[in-house]
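Please read the structure below before turning to the comments.
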Amino acid sequence: MIMLDELNAQQRLAAKKIDGPLLILAGAGSGKTKTIIYRMAHMIRNLGIPASSILGVSFTNKASKEMRERMHALMGRRVGRDLTLCTFHSLCVQILRQDIDSIGRRKNFTIFDTSDQLSVLRRALKHFNAGKGFDRKTVISKIEKLKNLGIGENEFADSIYFDPEDPYDHATEYCYRYYQENLEFYNAIDFNDIILLAVQILKKNPQIATKYSKRFQYIMIDEYQDTNPLQFQLVQFLTSTHNNICVVGDDDQSIYAFRGADIGNILSFERQFKGATIIKLEQNYRSTAPILNLANAVIKENKKRTSKTLWTQKKSNKLPILWAMGDTEHEADVVAEEIAKMQMSGVHLSNVAMLYRSNTQTPPLEDALRLSSIPYKIIGGQKFYDKKEIKDLISYLSLILNPRNEVALRRIINVPNRGIGKTTLNKFLDKSKSEGMTLFKTMQNFPQVAGSRANLISSFVEIISVNSKNFKMMSLREAIGALIEQIDYLKYIEKEYSDTPKQIEGRKGDVYNFLEAATRFQNYMKEETSLKNFVEKLLLQDSQDSNDDGDDDGAGDGAGDGEGVNSKNEVSLMTLHSSKGLEFNTVFLIGVEEESLPHKRTIEQGEDISEERRLCYVGMTRAREELIMTYCKERTMYGKKVPRHRSRFLHSLKDSKLFVEQDRTTFGHLSEEEAEEYKDNFFASLIDSL
DNA sequence: GGTTATTATTTTTTT
DNA sequence: AATAATAACC
């Protein structure tokens with residue numbers, strides 16, 4: 001028997017409401033995950049619902065991993081194993097692997113990431129009009145938006161989204177088609193296609209839709225405010241036979257509109273699922289009252305939101321603080337100094353985080369921490385597989401997996417240098433076109449096209465085919481090792497970076513880490529290890545997945561595992577986006593200034609800064625006890641110093657007494673005595689350093 | 001075909 | 001300031 005006594009009244013209501021549509025509006029820190037876990041446990045243990053008929057969908061691997069771990073802790077491993085807890089993307093990849101042939105596509109597709117997309121787009125734009133300088137990223141984001149709305153490449157021109165006056169729309173029209181044709185020819189799909197094609201499968205094959213809907217009788221969606229229209233369609237198919245859907249979310253934490261999330265999905269849940277129950281979780285167990293008061297005041301300004309006010313029992317007389325700093329370096333130094341002080345007084349650094357709007361703010365903070373010898377960890381930012389070496393290796397693997405993948409082929413055809421340059425490549429591209437054959441097949445069948453370089457081509461083709469045999473015969477780890485050796489990749493790194501020797505070690509390290517990752521994958525997946533699964537996992541990895549050198553999971557059943565990604569004695573650094581779902585005793589909110597939060601691009605784009613406000617709200621509500629915000633009077637941007645001002649989000653509250661402002665460029669935050677002492681120390685250390 | 005110099009561009013957030 | 005794309009050179 002699972003006892004629900006540990007839940008509060010609202011949480012318990014939510015856990016007990018099993019049938020029909022349910023919307024749980026869960027404010028920040030209101031025990032959302034706990035409620036979901038108990039709800040599932042209650043269903044399985046008390047009501048005897050088979051775990052295998054329950055599906056829990058989240059957005060990040062980290063979220064589903066956490067859910068699984070907490071399920072294990074509560075009910076033991078066996079039950080957890082039968083539950084399906086996964087991300088939207090991994091769920092859809094499973095659907096595609098099973099049934100993609102039902103919409104006339106091949107099964108061994110590869111997944112294109114952003115850089116693959118960009119490389120196709122470059123060619124698309126060249127074809128469209130060699131002269132004009134269109135921005136590839138703008139075109140991509142237009143295409144993605146269309147895909148998220150479910151508009152195909154041939155439907156765009158006639159849709160209401162097409163503006164004949166806008167030259168970008170004409171470019172997009174052309175490129176969208178070119179892009180889709182190419183992807184299909186290469187047998188590749190992009191992130192949006194993962195969802196889009198899965199929905200298409202379900203749409204065209206009602207029996208398949210029914211199959212999945214029957215298999216998953218109870219469906220839960222986490223972070224529902226982040227779903228896009230396409231994901232909404234998917235949910236509709238999955239619930240078509242039973243309507244047992246429970247969604248959990250917080251409209252105030254919707255921060256992914258830029259990738260198509262539609263806050264309307266959560267706001268209109270009642271209308272879309274008839275007879276829905278709505279339960280609000282408003283008690284916050286995380287933050288102290290002063291922190292919550294400020295956060296509430298900030299978010300209150302937003303117009304479109306469900307009415308909901310968080311409250312807490314945690315009293316405190318520590319008001320949030322806003323520090324005015326001189327410039328970027330000053331900001332980093334002062335914060336680092338403060339953290340050093342905390343460390344001295346015995347604070348464990350896993351309880352401390354620095355949050356900021358964009359990744360570009362990371363380097364100066366990092367420098368300051370390093371100079372003060374404070375251990376830190378950057379979460380998110382550049383993904384492991386975004387590094388050049390890893391992309392190269394993955395391209396080899398993708399090509400081996402799917403020889404139609406021309407983007408991968410072009411990336412590595414001359415890496416390491418093997419004397420196959422632009423001219424030769426172009427010859428093969430022409431031939432490939434005239435024969436209507438994939439680029440790789442052309443190289444395989446007509447090496448003589450390269451003239452005197454024919455043997456170079458042949459030996460490249462040979463490398464690929466030898467290795468694809470290797471992957472069938474050896475273990476994953478061995479086969480990757482053999483590949484690296486055969487192409488002599490480590491030597492290539494040495495040569496390539498011979499003028500920046502400092503980098504060599506690190507880049508080689510990336511290669512070793514890659515091998516490590518393969519080993520870990522192999523140990524974890526056992527007989528399900530395959531190259532396909534491995535590459536897929538790498539590409540669907542999210543920014544909070546552990547790609548560190550370390551012992552992350554410890555494997556033993558953890559006794560009450562700690563919250564947060566980082567339990568080591570390290571400060572966590574991350575963007576506001578990646579901080580969602582986490583909490584820390586002390587939060588430094590860096591750069592709460594105009595053009596940063598709200599961001600310049602959003603201000604320029606027109607009026608809707610509500611998402612920026614939510615971002616600010618998310619950041620503030622990460623803090624349990626202490627919230628320290630900073631802004632600079634001057635910031636270095638694009639290598640130039642620019643004057644800056646405190647964010648409008650705080651400016652409008654400056655007389656509210658909800659926070660204190662201290663000017664750290666003077667000694668205004670100190671009493672006279674302290675200021676004297678500080679100055680003495682400062683000069684003393686200055687003299688020391690001379 | 002490969003290397004180096006110059007120029008352009010970037011920086012919002014990410015599955 | 002750092003990096004990538006392009007052009008010009010060897």
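Labels for the structure tokens follow display order: chains A, B, ..., residues from 1 in each chain, ligands from 1.
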### Task
Would you kindly report the residues of chain A within 10 Å of chain C, using only C-alpha atoms (C1' of nucleotides), as a list of chain:residue names?
A:Met637, A:Tyr638, A:Gly639, A:Lys640
### Task
Compile the residues of chain A that lie within 7 Å of chain B, evaluated using only C-alpha atoms (C1' of nucleotides), and express the compilation as a list in words.
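Result: Ser358, Thr360, Gly419, Gly421 and His577 of chain A.
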### Task
Per DSSP on the backbone, filter range 323-447 of chain A down to the residues in alpha helix (DSSP H) and report them as a ChimeraX atom specification.
/A:328-344,362-371,388-401,406-412,422-435,439-445
### Query
Counting only C-alpha atoms (C1' of nucleotides), what is within 8 Å of Phe440 in chain A, bar same-chain residues fewer than 3 positions away, as an MDAnalysis selection string?
chainID A and resid 403:404 406 409 443:444 461
### Task
May I have all residues of range 131-219 of chain A that DSSP, computed from the backbone, assigns to strand (DSSP E or B), given as number ranges by chain?
A: 188-190, 218-219
### Query
So how far away is CA of Gly104 in chain A from CA of Leu429 in chain A, in Å?
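Computing the Euclidean distance for CA of Leu429 in chain A and CA of Gly104 in chain A yields 25.9 Å.
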